[in-house]
$ cat model-v2.cif   # mmCIF, C-alpha atoms
data_start
#
loop_
_atom_site.label_atom_id
_atom_site.label_comp_id
_atom_site.auth_asym_id
_atom_site.auth_seq_id
_atom_site.Cartn_x
_atom_site.Cartn_y
_atom_site.Cartn_z
CA MET A 783 0.00 0.00 0.00
CA PRO A 784 1.52 3.35 -1.00
CA ARG A 785 2.50 5.52 1.92
CA LYS A 786 1.55 9.14 2.06
CA PRO A 787 4.71 11.23 2.01
CA ALA A 788 5.57 12.59 5.43
CA ARG A 789 4.81 16.27 5.87
CA LEU A 790 7.90 18.36 6.26
CA PRO A 791 8.28 20.21 9.56
CA PHE A 792 7.14 23.80 9.66
CA ASP A 793 9.80 26.21 10.84
CA PRO A 794 8.65 29.76 10.11
CA TYR A 795 11.78 31.17 11.75
CA ALA A 796 14.01 29.50 9.16
CA ILE A 797 11.83 30.82 6.32
CA LEU A 798 11.74 34.34 7.76
CA ALA A 799 15.51 34.28 8.33
CA ALA A 800 16.07 33.40 4.67
CA LEU A 801 13.82 36.30 3.60
CA GLU A 802 15.63 38.64 5.99
CA GLU A 803 19.03 37.48 4.74
CA GLN A 804 18.15 38.76 1.26
CA ARG A 805 16.40 41.88 2.59
CA THR A 806 13.20 40.94 0.79
CA ALA A 807 10.26 43.37 0.90
CA TYR A 808 7.03 41.58 1.79
CA VAL A 809 4.03 41.57 4.11
CA LEU A 810 3.01 38.44 5.98
CA ILE A 811 -0.62 37.53 5.38
CA GLY A 812 -2.88 34.52 5.89
CA ALA A 813 -3.11 32.19 8.86
CA LEU A 814 0.40 32.78 10.21
CA ALA A 815 -0.17 36.53 10.21
CA ARG A 816 -3.48 36.02 11.98
CA VAL A 817 -1.80 33.84 14.60
CA ILE A 818 0.80 36.56 15.22
CA GLU A 819 -2.07 39.03 15.63
CA ALA A 820 -3.66 36.73 18.28
CA SER A 821 -6.03 34.54 16.24
CA ASP A 822 -6.58 31.09 17.70
CA GLU A 823 -5.57 28.97 14.73
CA ILE A 824 -2.92 26.45 13.72
CA THR A 825 -1.08 26.58 10.43
CA LEU A 826 1.69 24.69 8.72
CA GLY A 827 2.48 27.31 6.10
CA LEU A 828 3.60 30.87 5.57
CA ASP A 829 1.79 33.19 3.15
CA LEU A 830 3.32 36.43 1.98
CA THR A 831 2.64 39.30 -0.37
CA PRO A 832 5.89 40.53 -1.89
CA SER A 833 6.69 43.78 -3.57
CA THR A 834 6.54 42.82 -7.26
CA ARG A 835 9.36 45.14 -8.26
CA PRO A 836 11.85 43.10 -10.33
CA GLU A 837 14.75 43.65 -7.93
CA ASN A 838 12.65 42.44 -5.01
CA LEU A 839 11.47 39.37 -6.90
CA ARG A 840 15.13 38.61 -7.65
CA ARG A 841 15.90 38.82 -3.92
CA LEU A 842 12.88 36.67 -3.14
CA ASP A 843 14.07 34.05 -5.63
CA LEU A 844 17.46 33.98 -3.87
CA ALA A 845 15.82 33.63 -0.46
CA LEU A 846 13.58 30.82 -1.66
CA ALA A 847 16.49 29.04 -3.34
CA ALA A 848 18.32 29.05 0.00
CA ILE A 849 15.51 27.00 1.55
CA ASN A 850 15.19 24.75 -1.50
CA ALA A 851 11.75 25.98 -2.57
CA ARG A 852 10.03 24.00 -5.30
CA ARG A 853 6.72 24.31 -7.15
CA PRO A 854 4.37 21.31 -7.06
CA ASP A 855 5.85 20.11 -10.38
CA GLY A 856 9.37 20.27 -8.95
CA ARG A 857 10.45 23.43 -10.77
CA ALA A 858 12.25 26.27 -9.05
CA PRO A 859 10.01 29.27 -8.21
CA GLU A 860 11.59 31.72 -10.72
CA LEU A 861 9.29 34.46 -9.53
CA GLU A 862 11.22 37.11 -11.43
CA GLN A 863 10.05 35.39 -14.64
CA THR A 864 6.48 34.83 -13.45
CA ASP A 865 3.54 36.65 -15.00
CA PHE A 866 1.43 37.21 -11.93
CA ASP A 867 -1.56 38.24 -14.02
CA ARG A 868 -1.79 34.64 -15.25
CA GLY A 869 -1.17 32.79 -12.00
CA PRO A 870 -2.08 34.84 -8.97
CA VAL A 871 -0.78 32.44 -6.29
CA VAL A 872 2.48 30.48 -6.31
CA GLU A 873 2.48 27.51 -3.93
CA LEU A 874 5.87 26.21 -2.87
CA GLN A 875 7.28 23.46 -0.71
CA THR A 876 10.51 24.30 1.09
CA ASP A 877 12.85 22.54 3.49
CA HIS A 878 11.04 24.33 6.32
CA GLY A 879 7.38 24.06 5.29
CA GLU A 880 4.91 25.43 2.80
CA VAL A 881 5.25 28.95 1.41
CA LYS A 882 2.52 30.65 -0.58
CA VAL A 883 3.39 33.75 -2.59
CA VAL A 884 0.25 35.84 -3.08
CA PRO A 885 1.10 39.05 -4.93
CA PHE A 886 -2.45 40.38 -4.98
CA PRO A 887 -4.60 38.91 -2.20
CA GLU A 888 -8.35 39.10 -2.67
CA GLY A 889 -9.76 42.46 -1.68
CA THR A 890 -6.40 44.25 -1.82
CA ARG A 891 -4.16 45.96 -4.32
CA GLY A 892 -1.11 44.04 -3.19
CA TYR A 893 2.04 44.99 -1.32
CA ASP A 894 1.77 48.76 -1.57
CA ASP A 895 -1.80 48.57 -0.28
CA LEU A 896 -1.00 46.28 2.66
CA ARG A 897 2.30 47.77 3.79
CA ARG A 898 0.68 51.06 4.79
CA ALA A 899 -1.09 49.52 7.80
CA ALA A 900 1.33 46.63 8.36
CA ILE A 901 3.52 46.63 11.45
CA ARG A 902 6.91 45.06 12.05
CA GLU A 903 6.24 42.54 14.79
CA PRO A 904 9.14 41.36 16.98
CA LEU A 905 9.23 37.56 16.83
CA GLY A 906 12.59 36.94 18.45
CA ARG A 907 15.85 35.69 16.92
CA GLY A 908 16.32 39.20 15.49
CA LEU A 909 13.32 38.88 13.19
CA ARG A 910 10.76 41.67 12.79
CA PRO A 911 8.69 40.85 9.70
CA SER A 912 5.98 43.17 8.42
CA VAL A 913 2.62 41.64 9.29
CA ALA A 914 -0.66 42.73 7.71
CA SER A 915 -2.94 44.62 10.08
CA PRO A 916 -5.86 42.79 11.71
CA ALA A 917 -8.28 44.97 9.73
CA ASP A 918 -6.57 44.02 6.46
CA LEU A 919 -6.46 40.34 7.47
CA ALA A 920 -10.22 40.49 8.08
CA ARG A 921 -10.69 42.33 4.77
CA MET A 922 -8.88 39.56 2.88
CA LEU A 923 -10.96 36.82 4.54
CA SER A 924 -14.12 38.72 3.76
CA ALA A 925 -13.13 39.20 0.12
CA LEU A 926 -12.45 35.50 -0.35
CA GLY A 927 -16.14 34.94 0.34
CA ARG A 928 -15.64 31.33 1.46
CA GLU A 929 -18.09 29.85 3.90
CA GLU A 930 -15.32 27.95 5.69
CA ASP A 931 -13.59 31.26 6.46
CA ILE A 932 -16.56 32.75 8.32
CA PRO A 933 -15.41 31.52 11.78
CA LYS A 934 -11.92 32.95 11.15
CA LEU A 935 -13.41 36.22 9.96
CA LEU A 936 -15.65 36.46 13.03
CA MET A 937 -12.66 35.68 15.23
CA MET A 938 -10.58 38.47 13.66
CA ARG A 939 -13.41 40.94 14.09
CA ARG A 940 -13.93 39.83 17.68
CA LEU A 941 -10.21 40.25 18.37
CA ILE A 942 -10.34 43.77 17.02
CA GLU A 943 -13.35 44.53 19.25
CA LEU A 944 -11.77 42.96 22.33
CA ASP A 945 -8.52 44.79 21.75
CA ARG A 946 -10.33 48.07 21.36
CA SER A 947 -12.37 47.47 24.50
CA GLN A 948 -9.18 46.76 26.43
CA GLY A 949 -7.76 50.09 25.41
CA ARG A 950 -5.10 48.86 23.03
CA SER A 951 -5.19 48.98 19.28
CA ILE A 952 -4.13 46.03 17.17
CA GLU A 953 -6.37 47.40 14.43
CA ARG A 954 -4.47 49.57 12.00
CA MET B 601 -17.46 46.96 13.74
CA THR B 602 -18.85 50.45 13.44
CA GLY B 603 -21.03 51.54 10.55
CA GLY B 604 -18.15 53.59 9.19
CA GLU B 605 -15.83 50.58 9.27
CA ILE B 606 -18.38 48.51 7.37
CA ILE B 607 -18.66 51.24 4.74
CA ARG B 608 -14.88 51.44 4.42
CA GLU B 609 -14.49 47.67 4.12
CA ALA B 610 -17.21 47.49 1.47
CA ARG B 611 -15.66 50.37 -0.45
CA LEU B 612 -12.18 48.80 -0.38
CA LEU B 613 -13.60 45.44 -1.42
CA ALA B 614 -15.36 47.15 -4.32
CA GLY B 615 -12.06 48.83 -5.21
CA ILE B 616 -13.51 52.32 -5.45
CA SER B 617 -12.45 55.67 -4.03
CA GLN B 618 -14.39 57.77 -1.57
CA GLN B 619 -15.11 60.14 -4.45
CA GLU B 620 -16.53 57.33 -6.58
CA LEU B 621 -18.68 56.07 -3.72
CA ALA B 622 -19.93 59.60 -3.07
CA ALA B 623 -20.99 59.89 -6.69
CA ARG B 624 -22.71 56.50 -6.70
CA ALA B 625 -24.60 57.11 -3.47
CA ALA B 626 -25.27 60.78 -4.15
CA VAL B 627 -23.75 61.97 -0.89
CA PRO B 628 -20.96 64.49 -0.26
CA ARG B 629 -17.49 62.95 -0.14
CA GLN B 630 -16.86 64.71 3.17
CA SER B 631 -19.73 62.73 4.71
CA ILE B 632 -18.00 59.49 3.71
CA VAL B 633 -14.72 60.77 5.16
CA ARG B 634 -16.43 61.54 8.48
CA TRP B 635 -18.24 58.19 8.63
CA GLU B 636 -15.11 56.18 7.81
CA ARG B 637 -13.05 58.11 10.34
CA GLY B 638 -15.67 57.50 13.01
CA ALA B 639 -16.24 61.21 13.55
CA VAL B 640 -19.94 60.67 12.82
CA GLU B 641 -21.81 57.38 13.19
CA PRO B 642 -24.05 56.71 10.15
CA GLY B 643 -27.55 55.36 10.60
CA PHE B 644 -28.52 51.87 9.48
CA ASP B 645 -30.34 53.10 6.36
CA THR B 646 -27.26 55.04 5.34
CA VAL B 647 -24.96 52.06 5.87
CA ARG B 648 -27.26 49.83 3.84
CA ARG B 649 -27.51 52.38 1.02
CA LEU B 650 -23.75 52.77 0.81
CA LEU B 651 -23.20 49.00 0.93
CA ARG B 652 -25.57 48.64 -2.00
CA SER B 653 -23.69 51.36 -3.86
CA CYS B 654 -20.60 49.16 -3.45
CA GLY B 655 -22.42 46.12 -4.80
CA PHE B 656 -23.14 44.48 -1.42
CA ASP B 657 -26.17 44.01 0.78
CA VAL B 658 -26.89 43.25 4.41
CA SER B 659 -27.33 39.65 5.52
CA LEU B 660 -27.37 37.81 8.83
CA VAL B 661 -24.92 35.17 10.02
CA ARG B 662 -25.86 33.34 13.22
CA HIS B 663 -23.11 32.97 15.76
CA GLN B 664 -22.81 32.66 19.50
CA PRO B 665 -20.18 34.93 21.06
CA GLY B 666 -19.15 32.07 23.32
CA GLU B 667 -18.24 29.95 20.30
CA ILE B 668 -15.28 32.15 19.57
CA GLY B 669 -14.04 31.92 23.15
CA ASP B 670 -13.56 35.44 24.44
CA ASP B 671 -11.49 34.24 27.38
CA ARG B 672 -9.10 32.39 25.12
CA LEU B 673 -8.83 35.32 22.68
CA SER B 674 -8.27 37.77 25.53
CA GLY B 675 -5.51 35.48 26.74
CA LYS B 676 -3.91 35.56 23.28
CA LEU B 677 -4.11 39.34 23.24
CA GLU B 678 -2.17 39.46 26.50
CA LEU B 679 0.73 37.64 24.84
CA ALA B 680 3.47 39.29 22.79
CA PRO B 681 3.53 38.40 19.05
CA GLN B 682 6.55 36.15 19.64
CA GLU B 683 4.73 34.31 22.41
CA ARG B 684 1.65 33.81 20.22
CA LEU B 685 3.77 32.27 17.48
CA LEU B 686 5.68 30.03 19.86
CA ALA B 687 2.43 28.94 21.51
CA MET B 688 1.03 27.93 18.11
CA LEU B 689 4.21 26.05 17.20
CA GLY B 690 3.89 24.17 20.45
CA GLU B 691 0.37 22.96 19.63
CA PRO B 692 0.01 19.32 18.59
CA GLY B 693 0.24 19.06 14.81
CA ALA B 694 2.00 22.36 14.29
CA GLY B 695 5.51 23.58 13.82
CA THR B 696 8.91 22.10 14.35
#

$ encode --input "model-v2.cif" --output "structure tokens"
Amino acid sequence: MPRKPARLPFDPYAILAALEEQRTAYVLIGALARVIEASDEITLGLDLTPSTRPENLRRLDLALAAINARRPDGRAPELEQTDFDRGPVVELQTDHGEVKVVPFPEGTRGYDDLRRAAIREPLGRGLRPSVASPADLARMLSALGREEDIPKLLMMRRLIELDRSQGRSIER
Amino acid sequence: MTGGEIIREARLLAGISQQELAARAAVPRQSIVRWERGAVEPGFDTVRRLLRSCGFDVSLVRHQPGEIGDDRLSGKLELAPQERLLAMLGEPGAGT
């Protein structure tokens, strides 16, 4: 009986360190970003929205090569050569877990839109990635319009309300 | 969410400017600015009209506040971002 391939371990620190090493411009989005902003979820992948300027995509390619990123068909990412109008999301497997490159998340205009409200969150080990704001994370979930995302969307909105009621402001 | 936040989210999802929304809904742009900033709270009819101008409508989703677990979320909010990430990585089935 064929065995299902073992899932690779998820080490977001190793992925973030590779991105930092190449000084890549990006905003963390998706489940990992929501977890960092206090959502009660579990994820085994890292989603990011990069600046699509050619120099940044070249840096991102270098960072991804360092963690042995591969597309589902085994090809290297080669994001610098990718026409993002034709394939909006690039899914990759790396030595440290899944990475999804989402240049234009639903409901947003991409990196320049998200980076305005994003904040550099201290995660330890010298890493301070830009993380999309809770309001933008909720906006993306809402724009996806998927029924399965409703609990996550409600959770993000509740977090924003709770945070506001406690006198802080995670909402940006 | 406040009415102004709902208007802003609908407008951003529709990909239109405050000026465009003002034209569609036949209201002054400054009114939209004030609603979105929270300086003035719009009434329900106004929110619904602006949502429709963005191509949306109002619907109901049933949920129990307890389902989301306010205590647990408040606990997460008390943690630093690093602690939240490390807590998630320590959950069964996650992380290294």

$ interface_residues --input "model-v2.cif" --of "chain A" --to "chain B" --cutoff "8 Å" --atoms "only C-alpha atoms" --output "PyMOL selection string"
chain A and resi 791-794+817-826+889-890+903-906+921+925+933+936-937+939+941+943-945

$ resolve_selection --input "model-v2.cif" --expression "the PyMOL selection byres ((chain A and resi 926) around 12)" --output "number ranges by chain"
A: 812, 887-890, 919-925, 927-932, 934-935; B: 613

$ closest_residue --input "model-v2.cif" --among "B:Val633, B:Ala625, B:Ile616, B:Ile607" --to "Val647 in chain B" --atoms "all atoms listed in the file"
B:Ile607

$ resolve_selection --input "model-v2.cif" --expression "the PyMOL selection byres ((chain A and resi 862-864) around 8)" --output "count of residues only"
8

$ resolve_selection --input "model-v2.cif" --expression "the PyMOL selection byres ((chain A and resi 882) around 7)" --output "PyMOL selection string"
chain A and resi 828-830+871-874+880-881+883-884

$ closest_residue --input "model-v2.cif" --among "A:Ala815, A:Pro859, A:Glu802, A:Ser915" --to "Asp895 in chain A" --atoms "all atoms listed in the file"
A:Ser915

$ atom_distance --input "model-v2.cif" --atom1 "CA of Pro854 in chain A" --atom2 "CA of Asp877 in chain A"
13.6 Å

$ atom_distance --input "model-v2.cif" --atom1 "CA of Asp657 in chain B" --atom2 "CA of Ser631 in chain B"
20.2 Å

$ residues_near_point --input "model-v2.cif" --point "(-1.9, 41.9, 7.5)" --cutoff "7 Å" --atoms "only C-alpha atoms" --output "CSV table (one decimal) with C-alpha atoms, in the frame of the given file"
chain,number,residue,atom,x,y,z
A,809,VAL,CA,4.0,41.6,4.1
A,810,LEU,CA,3.0,38.4,6.0
A,811,ILE,CA,-0.6,37.5,5.4
A,815,ALA,CA,-0.2,36.5,10.2
A,896,LEU,CA,-1.0,46.3,2.7
A,900,ALA,CA,1.3,46.6,8.4
A,913,VAL,CA,2.6,41.6,9.3
A,914,ALA,CA,-0.7,42.7,7.7
A,915,SER,CA,-2.9,44.6,10.1
A,916,PRO,CA,-5.9,42.8,11.7
A,918,ASP,CA,-6.6,44.0,6.5
A,919,LEU,CA,-6.5,40.3,7.5

$ atom_distance --input "model-v2.cif" --atom1 "CA of Arg907 in chain A" --atom2 "CA of Thr806 in chain A"
17.2 Å

$ residues_around --input "model-v2.cif" --residues "Gly604 in chain B" --least-positions-apart "2" --cutoff "8 Å" --atoms "all atoms listed in the file" --output "list of chain:residue names"
B:Thr602, B:Ile606, B:Ile607, B:Arg608, B:Trp635, B:Glu636, B:Arg637, B:Gly638, B:Glu641, B:Pro642, B:Val647

$ write_last_selection --input "model-v2.cif" --atoms "C-alpha atoms" --output "short mmCIF file (atom, residue, chain, number, x, y, z; two decimals), keeping the file's coordinate frame"
data_model
loop_
_atom_site.label_atom_id
_atom_site.label_comp_id
_atom_site.auth_asym_id
_atom_site.auth_seq_id
_atom_site.Cartn_x
_atom_site.Cartn_y
_atom_site.Cartn_z
CA THR B 602 -18.85 50.45 13.44
CA ILE B 606 -18.38 48.51 7.37
CA ILE B 607 -18.66 51.24 4.74
CA ARG B 608 -14.88 51.44 4.42
CA TRP B 635 -18.24 58.19 8.63
CA GLU B 636 -15.11 56.18 7.81
CA ARG B 637 -13.05 58.11 10.34
CA GLY B 638 -15.67 57.50 13.01
CA GLU B 641 -21.81 57.38 13.19
CA PRO B 642 -24.05 56.71 10.15
CA VAL B 647 -24.96 52.06 5.87
#

$ decode --input "model-v2.cif" --residues "range 852-864 of chain A" --atoms "all heavy atoms" --output "compact mmCIF listing (two decimals), in the first residue's frame"
# COMPACT_ATOMS: atom_id res chain seq x y z
N ARG A 852 10.41 24.64 -4.04
CA ARG A 852 10.03 24.00 -5.30
C ARG A 852 8.54 24.14 -5.52
O ARG A 852 7.75 24.04 -4.59
CB ARG A 852 10.39 22.50 -5.28
CG ARG A 852 11.88 22.23 -5.38
CD ARG A 852 12.38 22.48 -6.81
NE ARG A 852 13.81 22.26 -6.96
CZ ARG A 852 14.74 23.20 -6.82
NH1 ARG A 852 14.39 24.42 -6.49
NH2 ARG A 852 16.01 22.92 -7.00
N ARG A 853 8.15 24.33 -6.80
CA ARG A 853 6.72 24.31 -7.15
C ARG A 853 6.23 22.86 -7.09
O ARG A 853 7.04 21.93 -7.05
CB ARG A 853 6.53 24.88 -8.55
CG ARG A 853 6.83 26.37 -8.65
CD ARG A 853 6.69 26.85 -10.09
NE ARG A 853 7.06 28.24 -10.25
CZ ARG A 853 6.20 29.22 -10.54
NH1 ARG A 853 4.92 28.95 -10.68
NH2 ARG A 853 6.62 30.46 -10.69
N PRO A 854 4.90 22.68 -7.13
CA PRO A 854 4.37 21.31 -7.06
C PRO A 854 4.92 20.39 -8.14
O PRO A 854 5.06 19.18 -7.93
CB PRO A 854 2.86 21.51 -7.23
CG PRO A 854 2.61 22.88 -6.72
CD PRO A 854 3.83 23.68 -7.09
N ASP A 855 5.30 20.95 -9.30
CA ASP A 855 5.85 20.11 -10.38
C ASP A 855 7.37 19.96 -10.27
O ASP A 855 8.00 19.39 -11.17
CB ASP A 855 5.47 20.68 -11.74
CG ASP A 855 6.01 22.10 -11.96
OD1 ASP A 855 6.78 22.58 -11.08
OD2 ASP A 855 5.67 22.72 -12.98
N GLY A 856 7.94 20.45 -9.18
CA GLY A 856 9.37 20.27 -8.95
C GLY A 856 10.24 21.39 -9.48
O GLY A 856 11.45 21.41 -9.22
N ARG A 857 9.65 22.33 -10.22
CA ARG A 857 10.45 23.43 -10.77
C ARG A 857 10.81 24.44 -9.68
O ARG A 857 10.12 24.57 -8.67
CB ARG A 857 9.68 24.16 -11.88
CG ARG A 857 9.55 23.36 -13.17
CD ARG A 857 8.88 24.21 -14.24
NE ARG A 857 7.55 24.62 -13.86
CZ ARG A 857 7.11 25.88 -13.91
NH1 ARG A 857 7.91 26.86 -14.31
NH2 ARG A 857 5.87 26.18 -13.56
N ALA A 858 11.88 25.18 -9.96
CA ALA A 858 12.25 26.27 -9.05
C ALA A 858 11.20 27.38 -9.19
O ALA A 858 10.51 27.47 -10.21
CB ALA A 858 13.63 26.79 -9.41
N PRO A 859 11.06 28.24 -8.16
CA PRO A 859 10.01 29.27 -8.21
C PRO A 859 10.13 30.23 -9.40
O PRO A 859 9.14 30.51 -10.08
CB PRO A 859 10.19 30.01 -6.88
CG PRO A 859 10.92 29.07 -5.99
CD PRO A 859 11.76 28.21 -6.87
N GLU A 860 11.35 30.76 -9.64
CA GLU A 860 11.59 31.72 -10.72
C GLU A 860 10.51 32.80 -10.75
O GLU A 860 9.87 33.03 -11.78
CB GLU A 860 11.68 30.99 -12.07
CG GLU A 860 12.88 30.06 -12.13
CD GLU A 860 13.06 29.40 -13.49
OE1 GLU A 860 12.06 29.29 -14.22
OE2 GLU A 860 14.19 29.00 -13.79
N LEU A 861 10.35 33.44 -9.63
CA LEU A 861 9.29 34.46 -9.53
C LEU A 861 9.58 35.67 -10.41
O LEU A 861 8.66 36.33 -10.88
CB LEU A 861 9.14 34.89 -8.07
CG LEU A 861 8.73 33.77 -7.11
CD1 LEU A 861 8.74 34.25 -5.67
CD2 LEU A 861 7.35 33.24 -7.47
N GLU A 862 10.87 35.94 -10.62
CA GLU A 862 11.22 37.11 -11.43
C GLU A 862 10.69 36.94 -12.86
O GLU A 862 10.42 37.92 -13.55
CB GLU A 862 12.75 37.28 -11.44
CG GLU A 862 13.17 38.67 -11.88
CD GLU A 862 14.68 38.84 -11.83
OE1 GLU A 862 15.40 37.91 -11.41
OE2 GLU A 862 15.15 39.93 -12.24
N GLN A 863 10.53 35.66 -13.27
CA GLN A 863 10.05 35.39 -14.64
C GLN A 863 8.54 35.13 -14.66
O GLN A 863 7.99 34.83 -15.71
CB GLN A 863 10.75 34.15 -15.21
CG GLN A 863 12.22 34.03 -14.92
CD GLN A 863 13.01 35.17 -15.52
OE1 GLN A 863 12.63 35.71 -16.56
NE2 GLN A 863 14.09 35.57 -14.86
N THR A 864 7.89 35.22 -13.53
CA THR A 864 6.48 34.83 -13.45
C THR A 864 5.56 35.98 -13.83
O THR A 864 5.76 37.11 -13.39
CB THR A 864 6.15 34.35 -12.01
OG1 THR A 864 6.97 33.23 -11.69
CG2 THR A 864 4.68 33.95 -11.89
